[in-house]
Amino acid sequence: MPRAGGPPLIEFKGVSKVFGSGPAAVPALNAVDLSIDRGEFVAIMGPSGSGKSTAMNILGCLDAPTSGTYRFMGVDVGRLNRHQRTLLRRRYLGFVFQGFNLLARTSAVENVELPLVYRGTPTTARRRLAREVLARVGLEGREDHTPGELSGGQQQRVAIARAIVTDPAVLLADEPTGNLDSRMSLEIMNLLGRLNREQGITVVMVTHEPDMAAHARRIIRFVDGRIDSDASSERAA
Amino acid sequence: MLVEAVKLALQAIRRNALRSFLTVLGIIIGVGAVIGMVTIGNGTTARITADLAKLGTNLLFVLPGQVGPGRASSDAKPFNNRDIEVMRAQLTGVQAVAPVAQKSVPVIYGTENRNTVVTGTDSGYFVVQNWALARGRGFHEGEERAGRAACIVGQTVRETLFGRTDPIGETIRVHNVSCEVIGLLEAKGQSSFGTDLDDTVLMPLRAFQRRIAGNMDIARVYVSARNGVDTAKVQTGIERLLRERRNITPGKEDDFSVRDMKQVVQATAGATAVLTGLLGAVAAVSLLVGGIGIMNIMLVSVTERTREIGIRLAIGALEEQVLMQFLVEAVVLSLFGGILGIALGLGLAIVTTAALNVPFLVDPFIILVAFGFSAVVGILFGYIPAHRAAHLDPIQALRHE
Ligand SMILES: Nc1ncnc2c1ncn2[C@@H]1O[C@H](COP(=O)(O)OP(=O)(O)O)[C@@H](O)[C@H]1O
Ligand SMILES: [Mg+2]
């Protein structure tokens with residue numbers, strides 16, 4: 001993928017995060033430096049409690065670092081207020097969670113429409129877009145099923161559809177296959193790989209499983225709130 | 001966005017239908033009480049006003065004795081025929097004076113029989129009561145003076161005794177006295193106190209005194225003031241005259257009372273207003289309790305839906321959008337209570353006004369006010385829960401189970 005020049009898409013400079021204060025303080029991230037460019041497919045690995053989710057939350061502008069700076073597209077996110085961070089999230093970021101986090105008793109198409117509702121997209125345009133995206137993730141014909149009527153893999157695909165319906169620059173997925181069996185996991189990884197290749201969406205994904213990480217072109221390993229290793233593999237290229 | 005919020009609110013309310021209903025019960029009762037009372041009050045006021053017009057606003061009642069708390073009136077002597085003559089001769093500003101002596105007696109026609117209040121009076125009665133004849137004629141002066149038994153009957157008496165027969169010229173027996181029916185009164189309906197005004201038989205005073213009552217007593221006197229004359233002035237005139245006639249020395253209390261019908265009616269209307277005010281206070285407390293109920297349930301709802309709120313915030317809902325959603329839900333909930341309350345109040349009013357025999361008058365303004373109040377309660381008491389929802393930390397909220 002050609003470099004667009006200018007600042008990297010994502011840039012951590014000495015990012016630290018400490019939860020709590022005083023003797024009860026828990027350091028979750030310790031002076032992390034990291035930069036991710038447009039079009040990358042990055043897997044973040046590491047033992048439990050090593051700070052992966054904390055890093056993802058900061059990346060996703062859901063949380064702010066205790067110290068250090070996080071620049072997204074060159075903008076210092078630490079200087080934005082909650083409202084501005086929400087607007088940034090809305091425009092550029094899509095989230096996929098381990099537990100799917102779909103609205104219960106709400107149809108697949110309505111779940112996918114949800115981000116568009118908050119952007120004020122008119123109903124008909126919204127419905128059309130949501131159906132299009134559901135078709136793209138292979139859920140044609142399941143639009144009116146509620147999460148309860150879908151398999152785990154299908155639910156996660158609905159969640160991915162919801163994340164990409166706004167055409168985000170970055171897709172953040174925290175253990176997206178954590179609740180899925182290996183066959184469904186593979187489907188999801190193939191889908192993420194395709195979105196990355198065909199639509200140029202930057203994908204940052206946390207995973208425990210080396211099989212899944214192998215789908216990425218770059219693997220960052222966290223240990224105790226630090227980056228232990230950062231390696232590119234050309235396997236998926 | 002507002003449409004979406006209303007849709008979501010309706011969805012949330014439908015999912016917890018019973019809980020939502022119980023939540024708004026306070027609002028339903030509060031609004032129902034207001035709507036019910038105001039509607040019933042309007043009907044009563046309209047009825048009183050209509051009665052006032054029927055009676056004429058210029059009517060004075062003169063009764064022997066002092067009526068009121070702690071006053072014995074049994075020893076006061078009734079009025080007599082001479083009192084009436086003097087009042088007619090000497091009072092100024094008076095349109096008419098009518099003596100009234102009454103007794104409840106059986107009235108018989110053929111095989112039909114009815115207990116009715118018979119009133120001994122004279123032609124002044126039609127003027128003060130503003131009561132016209134439907135058919136026949138009034139009393140001749142000759143009949144009045146000679147004490148001939150001639151009767152004028154009300155519509156209820158006509159119906160029960162005569163059915164389809166024309167009563168004029170027929171003879172009825174009133175307490176064993178034979179009496180020719182010379183007139184039929186127009187229908188008047190019920191009094192404010194629910195008595196049937198048409199269940200009556202009128203007879204010349206003298207005939208009544210001699211042949212039915214057996215004494216010359218007059219129980220009360222109706223006096224109507226002339227148009228444009230202040231009833232208070234007439235009242236003073238009556239008081240001065242009667243004190244003199246009844247030999248009441250200066251400084252002593254009257255042994256009779258003069259009451260202005262207008263004041264009686266206004267006092268009744270005043271009592272209704274006080275009652276309405278009291279129920280308004282009850283309703284306000286109900287609304288407050290209802291509002292707290294809504295706040296409570298919305299707080300529960302926010303806690304229950306923490307994860308959902310987290311999802312919404314994470315995928316790009318602005319704080320104000322989440323705030324709006326929950327506020328709209330609270331308002332929809334309380335409006336729903338308001339609508340049910342309005343329905344309840346109107347239902348209550350329909351039943352009550354029918355029972356009280358007063359008109360059922362819906363005031364659109366008060367319904368609008370009830371609607372507005374419900375909305376305001378929703379906004380006021382929904383704000384804190386909505387604010388709490390909007391300010392949740394999405395990370396924490398998503399982790400919530
Ligand atoms: N909200 C929080 N409050 C306190 N400690 C936290 C919080 N979130 C994470 N931590 C702590 O920070 C460390 C890193 O957590 P996390 O980023 O969730 O790890 P991972 O996702 O790699 O398992 C852990 O020790 C965890 O207990
Ligand atoms: Mg984690």
# chains A, B, ... in the order shown; residues from 1 in each chain; ligands from 1

$ residues_around --residues "Glu132 in chain A" --least-positions-apart "4" --cutoff "12 Å" --atoms "only C-alpha atoms" --output "ChimeraX atom specification"
/A:109,112-113,125-128,136-141,143,158,161-162,164-166

$ select_by_dssp --residues "range 131-234 of chain A" --states "strand (DSSP E)" --output "ChimeraX atom specification"
/A:170-174,202-206,218-223,226-232

$ closest_residue --among "A:Val42, A:Met73, A:Leu171, A:Ile10" --to "chain B" --atoms "only C-alpha atoms"
A:Leu171

$ closest_atom_pairs --of "chain A" --to "chain B" --cutoff "12 Å" --atoms "only C-alpha atoms" --output "CSV"
residue,atom,partner,partner_atom,distance
A:Ser53,CA,B:Ile395,CA,10.1
A:Thr54,CA,B:Ile395,CA,9.8
A:Met56,CA,B:Ile395,CA,10.8
A:Asn57,CA,B:Ile395,CA,7.7
A:Ile58,CA,B:Ile395,CA,10.4
A:Gly60,CA,B:Ala314,CA,8.9
A:Cys61,CA,B:Ala314,CA,9.3
A:Leu62,CA,B:Ile395,CA,6.8
A:Asp63,CA,B:Ile395,CA,7.7
A:Ala64,CA,B:Ile395,CA,11.4
A:Asn81,CA,B:Glu319,CA,12.0
A:Arg82,CA,B:Glu319,CA,8.8
A:His83,CA,B:Leu318,CA,6.8
A:Gln84,CA,B:Leu318,CA,9.5
A:Arg85,CA,B:Gly316,CA,9.3
A:Thr86,CA,B:Gly316,CA,5.7
A:Leu87,CA,B:Gly316,CA,6.9
A:Leu88,CA,B:Gly316,CA,8.6
A:Arg89,CA,B:Gly316,CA,6.2
A:Arg90,CA,B:Gly316,CA,4.6
A:Arg91,CA,B:Gly316,CA,8.3
A:Tyr92,CA,B:Gly316,CA,10.1
A:Leu93,CA,B:Ile315,CA,8.3
A:Gly94,CA,B:Ile315,CA,7.1
A:Phe95,CA,B:Ile315,CA,7.1
A:Val96,CA,B:Ile315,CA,9.8
A:Phe97,CA,B:Leu398,CA,9.4
A:Gln98,CA,B:Leu398,CA,10.9
A:Gly99,CA,B:Leu398,CA,9.5
A:Phe100,CA,B:Ile311,CA,9.9
A:Asn101,CA,B:Ile311,CA,6.6
A:Leu102,CA,B:Ile311,CA,7.7
A:Leu103,CA,B:Glu308,CA,6.5
A:Ala104,CA,B:Glu308,CA,8.7
A:Arg105,CA,B:Arg15,CA,10.1
A:Thr106,CA,B:Gln11,CA,10.4
A:Glu110,CA,B:Glu4,CA,11.7
A:Asn111,CA,B:Arg312,CA,10.3
A:Val112,CA,B:Ile315,CA,10.5
A:Glu113,CA,B:Ile315,CA,10.8
A:Leu114,CA,B:Arg312,CA,7.9
A:Pro115,CA,B:Ile315,CA,5.8
A:Leu116,CA,B:Gly316,CA,9.0
A:Val117,CA,B:Met1,CA,7.2
A:Tyr118,CA,B:Ala317,CA,5.5
A:Arg119,CA,B:Gly316,CA,8.0
A:Gly120,CA,B:Met1,CA,6.6
A:Thr121,CA,B:Met1,CA,9.4
A:Pro122,CA,B:Met1,CA,9.6
A:Thr123,CA,B:Glu4,CA,9.7
A:Ala159,CA,B:Ile315,CA,10.7
A:Ile160,CA,B:Ile315,CA,11.7
A:Arg162,CA,B:Ile315,CA,8.6
A:Ala163,CA,B:Ile315,CA,7.7
A:Ile164,CA,B:Ile315,CA,10.7
A:Val165,CA,B:Ile315,CA,10.9
A:Thr166,CA,B:Ile315,CA,9.9
A:Pro168,CA,B:Ile315,CA,11.2
A:Leu171,CA,B:Ile315,CA,11.7
A:Leu172,CA,B:Ile315,CA,11.5

$ residues_near_ligand --ligand "ligand 1" --cutoff "8 Å" --atoms "only C-alpha atoms and all ligand atoms" --output "list of chain:residue names"
A:Val18, A:Phe19, A:Gly20, A:Ala25, A:Val26, A:Pro27, A:Ala28, A:Leu29, A:Gly46, A:Pro47, A:Ser48, A:Gly49, A:Ser50, A:Gly51, A:Lys52, A:Ser53, A:Thr54, A:Ala55, A:Met56, A:Phe222, A:Asp224, A:Gly225, B:Ile395, B:Gln396

$ write_last_selection --atoms "all heavy atoms" --output "short mmCIF file (atom, residue, chain, number, x, y, z; two decimals), in the first residue's frame"
data_model
loop_
_atom_site.label_atom_id
_atom_site.label_comp_id
_atom_site.auth_asym_id
_atom_site.auth_seq_id
_atom_site.Cartn_x
_atom_site.Cartn_y
_atom_site.Cartn_z
N VAL A 18 -1.98 4.81 33.98
CA VAL A 18 -2.00 4.30 35.35
C VAL A 18 -3.43 4.36 35.84
O VAL A 18 -4.09 5.39 35.74
CB VAL A 18 -1.09 5.16 36.27
CG1 VAL A 18 -1.09 4.59 37.69
CG2 VAL A 18 0.32 5.21 35.72
N PHE A 19 -3.93 3.22 36.33
CA PHE A 19 -5.28 3.21 36.91
C PHE A 19 -5.18 3.42 38.41
O PHE A 19 -4.32 2.84 39.06
CB PHE A 19 -6.00 1.89 36.62
CG PHE A 19 -6.38 1.74 35.17
CD1 PHE A 19 -5.68 0.89 34.33
CD2 PHE A 19 -7.44 2.47 34.65
CE1 PHE A 19 -6.04 0.76 33.00
CE2 PHE A 19 -7.80 2.34 33.31
CZ PHE A 19 -7.09 1.49 32.48
N GLY A 20 -6.03 4.23 38.96
CA GLY A 20 -6.01 4.49 40.40
C GLY A 20 -4.85 5.40 40.73
O GLY A 20 -4.14 5.89 39.85
N ALA A 25 -2.23 2.33 42.90
CA ALA A 25 -2.08 2.61 41.48
C ALA A 25 -1.64 1.37 40.71
O ALA A 25 -0.76 0.64 41.14
CB ALA A 25 -1.09 3.74 41.27
N VAL A 26 -2.30 1.14 39.57
CA VAL A 26 -1.95 0.01 38.71
C VAL A 26 -1.43 0.56 37.39
O VAL A 26 -2.18 1.18 36.64
CB VAL A 26 -3.18 -0.88 38.44
CG1 VAL A 26 -2.79 -2.05 37.54
CG2 VAL A 26 -3.81 -1.36 39.72
N PRO A 27 -0.15 0.36 37.10
CA PRO A 27 0.34 0.81 35.79
C PRO A 27 -0.09 -0.19 34.72
O PRO A 27 0.21 -1.37 34.84
CB PRO A 27 1.86 0.84 35.97
CG PRO A 27 2.14 -0.11 37.08
CD PRO A 27 0.89 -0.28 37.91
N ALA A 28 -0.80 0.27 33.70
CA ALA A 28 -1.27 -0.63 32.65
C ALA A 28 -0.43 -0.49 31.39
O ALA A 28 -0.18 -1.46 30.70
CB ALA A 28 -2.74 -0.34 32.33
N LEU A 29 0.01 0.73 31.12
CA LEU A 29 0.90 0.96 29.97
C LEU A 29 2.09 1.78 30.47
O LEU A 29 1.93 2.67 31.29
CB LEU A 29 0.19 1.74 28.87
CG LEU A 29 -0.86 1.01 28.03
CD1 LEU A 29 -1.42 1.96 26.98
CD2 LEU A 29 -0.29 -0.24 27.39
N GLY A 46 -0.05 -10.85 23.47
CA GLY A 46 0.55 -10.67 24.79
C GLY A 46 -0.28 -11.35 25.84
O GLY A 46 -1.47 -11.61 25.62
N PRO A 47 0.35 -11.62 26.99
CA PRO A 47 -0.38 -12.30 28.06
C PRO A 47 -1.51 -11.44 28.62
O PRO A 47 -1.55 -10.23 28.40
CB PRO A 47 0.68 -12.58 29.12
CG PRO A 47 1.82 -11.69 28.80
CD PRO A 47 1.76 -11.38 27.35
N SER A 48 -2.39 -12.09 29.33
CA SER A 48 -3.50 -11.38 29.94
C SER A 48 -2.99 -10.34 30.92
O SER A 48 -2.05 -10.60 31.68
CB SER A 48 -4.39 -12.41 30.65
OG SER A 48 -5.53 -11.77 31.12
N GLY A 49 -3.54 -9.17 30.90
CA GLY A 49 -3.13 -8.11 31.82
C GLY A 49 -1.92 -7.32 31.35
O GLY A 49 -1.39 -6.49 32.08
N SER A 50 -1.48 -7.56 30.10
CA SER A 50 -0.27 -6.88 29.64
C SER A 50 -0.57 -5.49 29.07
O SER A 50 0.35 -4.78 28.67
CB SER A 50 0.43 -7.75 28.59
OG SER A 50 -0.46 -8.03 27.52
N GLY A 51 -1.83 -5.11 29.04
CA GLY A 51 -2.14 -3.74 28.61
C GLY A 51 -2.71 -3.64 27.21
O GLY A 51 -2.89 -2.54 26.69
N LYS A 52 -3.04 -4.76 26.60
CA LYS A 52 -3.55 -4.74 25.22
C LYS A 52 -4.86 -3.95 25.11
O LYS A 52 -4.98 -3.07 24.26
CB LYS A 52 -3.80 -6.18 24.72
CG LYS A 52 -2.59 -7.09 24.84
CD LYS A 52 -2.88 -8.46 24.29
CE LYS A 52 -3.97 -9.22 25.04
NZ LYS A 52 -3.59 -9.67 26.37
N SER A 53 -5.81 -4.28 25.99
CA SER A 53 -7.11 -3.59 25.92
C SER A 53 -6.97 -2.12 26.25
O SER A 53 -7.64 -1.26 25.65
CB SER A 53 -8.11 -4.25 26.87
OG SER A 53 -8.42 -5.55 26.43
N THR A 54 -6.12 -1.83 27.22
CA THR A 54 -5.88 -0.43 27.57
C THR A 54 -5.37 0.35 26.36
O THR A 54 -5.85 1.45 26.06
CB THR A 54 -4.88 -0.35 28.73
OG1 THR A 54 -5.39 -1.13 29.81
CG2 THR A 54 -4.70 1.08 29.20
N ALA A 55 -4.43 -0.26 25.64
CA ALA A 55 -3.88 0.39 24.45
C ALA A 55 -4.98 0.58 23.40
O ALA A 55 -5.07 1.64 22.77
CB ALA A 55 -2.74 -0.44 23.88
N MET A 56 -5.83 -0.45 23.24
CA MET A 56 -6.91 -0.35 22.25
C MET A 56 -7.90 0.76 22.62
O MET A 56 -8.38 1.48 21.73
CB MET A 56 -7.67 -1.68 22.17
CG MET A 56 -6.90 -2.79 21.50
SD MET A 56 -6.62 -2.47 19.75
CE MET A 56 -8.07 -3.21 19.04
N PHE A 222 2.86 -7.35 23.53
CA PHE A 222 2.92 -6.58 24.77
C PHE A 222 3.31 -7.49 25.91
O PHE A 222 2.82 -8.62 26.01
CB PHE A 222 1.54 -5.98 25.10
CG PHE A 222 1.28 -4.65 24.45
CD1 PHE A 222 1.05 -4.57 23.08
CD2 PHE A 222 1.24 -3.48 25.21
CE1 PHE A 222 0.80 -3.35 22.49
CE2 PHE A 222 0.99 -2.26 24.62
CZ PHE A 222 0.77 -2.18 23.25
N ASP A 224 3.76 -6.73 30.19
CA ASP A 224 3.79 -5.79 31.32
C ASP A 224 3.68 -4.32 30.91
O ASP A 224 4.43 -3.47 31.39
CB ASP A 224 5.08 -5.98 32.13
CG ASP A 224 5.01 -7.26 32.94
OD1 ASP A 224 3.87 -7.72 33.20
OD2 ASP A 224 6.07 -7.80 33.29
N GLY A 225 2.80 -4.04 30.00
CA GLY A 225 2.56 -2.65 29.63
C GLY A 225 3.62 -2.06 28.72
O GLY A 225 3.65 -0.85 28.52
N ILE B 395 -16.21 2.74 28.40
CA ILE B 395 -15.41 1.54 28.69
C ILE B 395 -16.02 0.76 29.86
O ILE B 395 -16.23 -0.45 29.78
CB ILE B 395 -13.95 1.91 29.04
CG1 ILE B 395 -13.34 2.68 27.87
CG2 ILE B 395 -13.13 0.67 29.35
CD1 ILE B 395 -12.01 3.31 28.21
N GLN B 396 -16.32 1.50 30.93
CA GLN B 396 -16.94 0.86 32.10
C GLN B 396 -18.29 0.27 31.73
O GLN B 396 -18.65 -0.83 32.15
CB GLN B 396 -17.14 1.88 33.23
CG GLN B 396 -15.88 2.58 33.68
CD GLN B 396 -14.95 1.64 34.42
OE1 GLN B 396 -15.36 0.58 34.87
NE2 GLN B 396 -13.68 2.03 34.52
#

$ residues_around --residues "Leu344 in chain B" --least-positions-apart "2" --cutoff "8 Å" --atoms "only C-alpha atoms" --output "list in words"
Ile28, Gly32, Gly36, Leu340, Gly341, Ile342, Leu346, Gly347 and Leu348 of chain B

$ residues_around --residues "Glu180 in chain B" --least-positions-apart "2" --cutoff "7 Å" --atoms "only C-alpha atoms" --output "ChimeraX atom specification"
/B:149-151,169-172,178,182

$ atom_distance --atom1 "CA of Pro385 in chain B" --atom2 "CA of Leu287 in chain B"
18.0 Å

$ select_by_dssp --residues "range 33-169 of chain B" --states "helix (DSSP H, G or I)" --output "ChimeraX atom specification"
/B:33-55,81-90,124-128,141-146,155-162

$ write_last_selection --atoms "C-alpha atoms" --output "mmCIF file, in the first residue's frame"
data_model
loop_
_atom_site.group_PDB
_atom_site.id
_atom_site.type_symbol
_atom_site.label_atom_id
_atom_site.label_comp_id
_atom_site.auth_asym_id
_atom_site.auth_seq_id
_atom_site.Cartn_x
_atom_site.Cartn_y
_atom_site.Cartn_z
ATOM 1 C CA ALA B 33 -58.190 13.762 39.736
ATOM 2 C CA VAL B 34 -57.591 17.189 38.182
ATOM 3 C CA ILE B 35 -59.479 16.466 34.974
ATOM 4 C CA GLY B 36 -62.300 14.742 36.825
ATOM 5 C CA MET B 37 -62.729 17.482 39.421
ATOM 6 C CA VAL B 38 -62.446 20.375 37.018
ATOM 7 C CA THR B 39 -64.927 18.796 34.626
ATOM 8 C CA ILE B 40 -67.383 18.009 37.403
ATOM 9 C CA GLY B 41 -66.819 21.488 38.852
ATOM 10 C CA ASN B 42 -67.496 23.089 35.469
ATOM 11 C CA GLY B 43 -70.726 21.149 35.185
ATOM 12 C CA THR B 44 -71.796 22.139 38.676
ATOM 13 C CA THR B 45 -70.968 25.793 38.093
ATOM 14 C CA ALA B 46 -72.862 25.768 34.805
ATOM 15 C CA ARG B 47 -75.791 24.192 36.605
ATOM 16 C CA ILE B 48 -75.739 26.747 39.400
ATOM 17 C CA THR B 49 -75.478 29.591 36.916
ATOM 18 C CA ALA B 50 -78.416 28.201 34.978
ATOM 19 C CA ASP B 51 -80.412 27.818 38.207
ATOM 20 C CA LEU B 52 -79.548 31.354 39.144
ATOM 21 C CA ALA B 53 -80.933 32.562 35.831
ATOM 22 C CA LYS B 54 -84.026 30.423 36.353
ATOM 23 C CA LEU B 55 -84.618 31.824 39.825
ATOM 24 C CA ASN B 81 -101.926 37.610 55.598
ATOM 25 C CA ARG B 82 -101.760 41.138 56.956
ATOM 26 C CA ASP B 83 -97.932 41.049 56.745
ATOM 27 C CA ILE B 84 -98.233 40.311 53.050
ATOM 28 C CA GLU B 85 -100.697 43.139 52.476
ATOM 29 C CA VAL B 86 -98.473 45.616 54.314
ATOM 30 C CA MET B 87 -95.387 44.471 52.472
ATOM 31 C CA ARG B 88 -97.159 44.925 49.147
ATOM 32 C CA ALA B 89 -98.386 48.342 50.143
ATOM 33 C CA GLN B 90 -95.290 49.789 51.752
ATOM 34 C CA GLY B 124 -97.336 36.890 42.987
ATOM 35 C CA TYR B 125 -95.857 33.398 43.024
ATOM 36 C CA PHE B 126 -95.684 33.163 39.224
ATOM 37 C CA VAL B 127 -93.791 36.437 39.078
ATOM 38 C CA VAL B 128 -91.220 35.747 41.799
ATOM 39 C CA GLU B 141 -108.774 37.761 42.387
ATOM 40 C CA GLY B 142 -112.214 36.523 43.323
ATOM 41 C CA GLU B 143 -110.868 33.025 43.925
ATOM 42 C CA GLU B 144 -108.104 34.419 46.044
ATOM 43 C CA ARG B 145 -110.373 36.486 48.189
ATOM 44 C CA ALA B 146 -113.247 34.015 48.504
ATOM 45 C CA GLN B 155 -96.063 18.546 35.034
ATOM 46 C CA THR B 156 -95.120 15.606 37.272
ATOM 47 C CA VAL B 157 -98.513 15.674 38.958
ATOM 48 C CA ARG B 158 -100.213 15.859 35.565
ATOM 49 C CA GLU B 159 -98.257 12.860 34.285
ATOM 50 C CA THR B 160 -98.953 10.595 37.243
ATOM 51 C CA LEU B 161 -102.576 11.555 37.816
ATOM 52 C CA PHE B 162 -103.910 12.285 34.369
#

$ closest_residue --among "A:Ile201, A:Ala173, A:Ala214, A:Ala31" --to "ligand 2" --atoms "only C-alpha atoms and all ligand atoms"
A:Ala173

$ atom_distance --atom1 "CA of Gly39 in chain A" --atom2 "CA of Arg197 in chain A"
7.9 Å

$ atom_distance --atom1 "CA of Gly193 in chain A" --atom2 "CA of Lys13 in chain A"
27.8 Å

$ residues_around --residues "Ile108 in chain B" --least-positions-apart "4" --cutoff "8 Å" --atoms "only C-alpha atoms" --output "list in words"
Glu112, Asn113, Arg114, Leu161, Ile172, Arg173 and Val174 of chain B

$ residues_around --residues "Met45 in chain A" --least-positions-apart "2" --cutoff "7 Å" --atoms "only C-alpha atoms" --output "PyMOL selection string"
chain A and resi 43+206-208+220-222

$ closest_residue --among "A:Glu209, A:Asp230, A:Glu198, A:Asp174" --to "ligand 2" --atoms "only C-alpha atoms and all ligand atoms"
A:Asp174

$ residues_around --residues "Ser16 in chain A" --least-positions-apart "2" --cutoff "7 Å" --atoms "only C-alpha atoms" --output "VMD selection string"
chain A and resid 14 18 29 to 32 65 to 68

$ write_last_selection --atoms "C-alpha atoms" --output "PDB file, in the first residue's frame"
ATOM      1  CA  GLY A  14       5.677   7.686  25.512  1.00  0.00           C
ATOM      2  CA  VAL A  18      -2.000   4.300  35.350  1.00  0.00           C
ATOM      3  CA  LEU A  29       0.898   0.963  29.975  1.00  0.00           C
ATOM      4  CA  ASN A  30       4.455   2.093  30.434  1.00  0.00           C
ATOM      5  CA  ALA A  31       5.880   4.650  27.999  1.00  0.00           C
ATOM      6  CA  VAL A  32       4.712   2.977  24.832  1.00  0.00           C
ATOM      7  CA  PRO A  65      -3.361   8.382  28.409  1.00  0.00           C
ATOM      8  CA  THR A  66      -2.122   9.411  31.855  1.00  0.00           C
ATOM      9  CA  SER A  67       1.004  10.786  30.212  1.00  0.00           C
ATOM     10  CA  GLY A  68       2.549  10.879  26.775  1.00  0.00           C
TER      11      GLY A  68
END
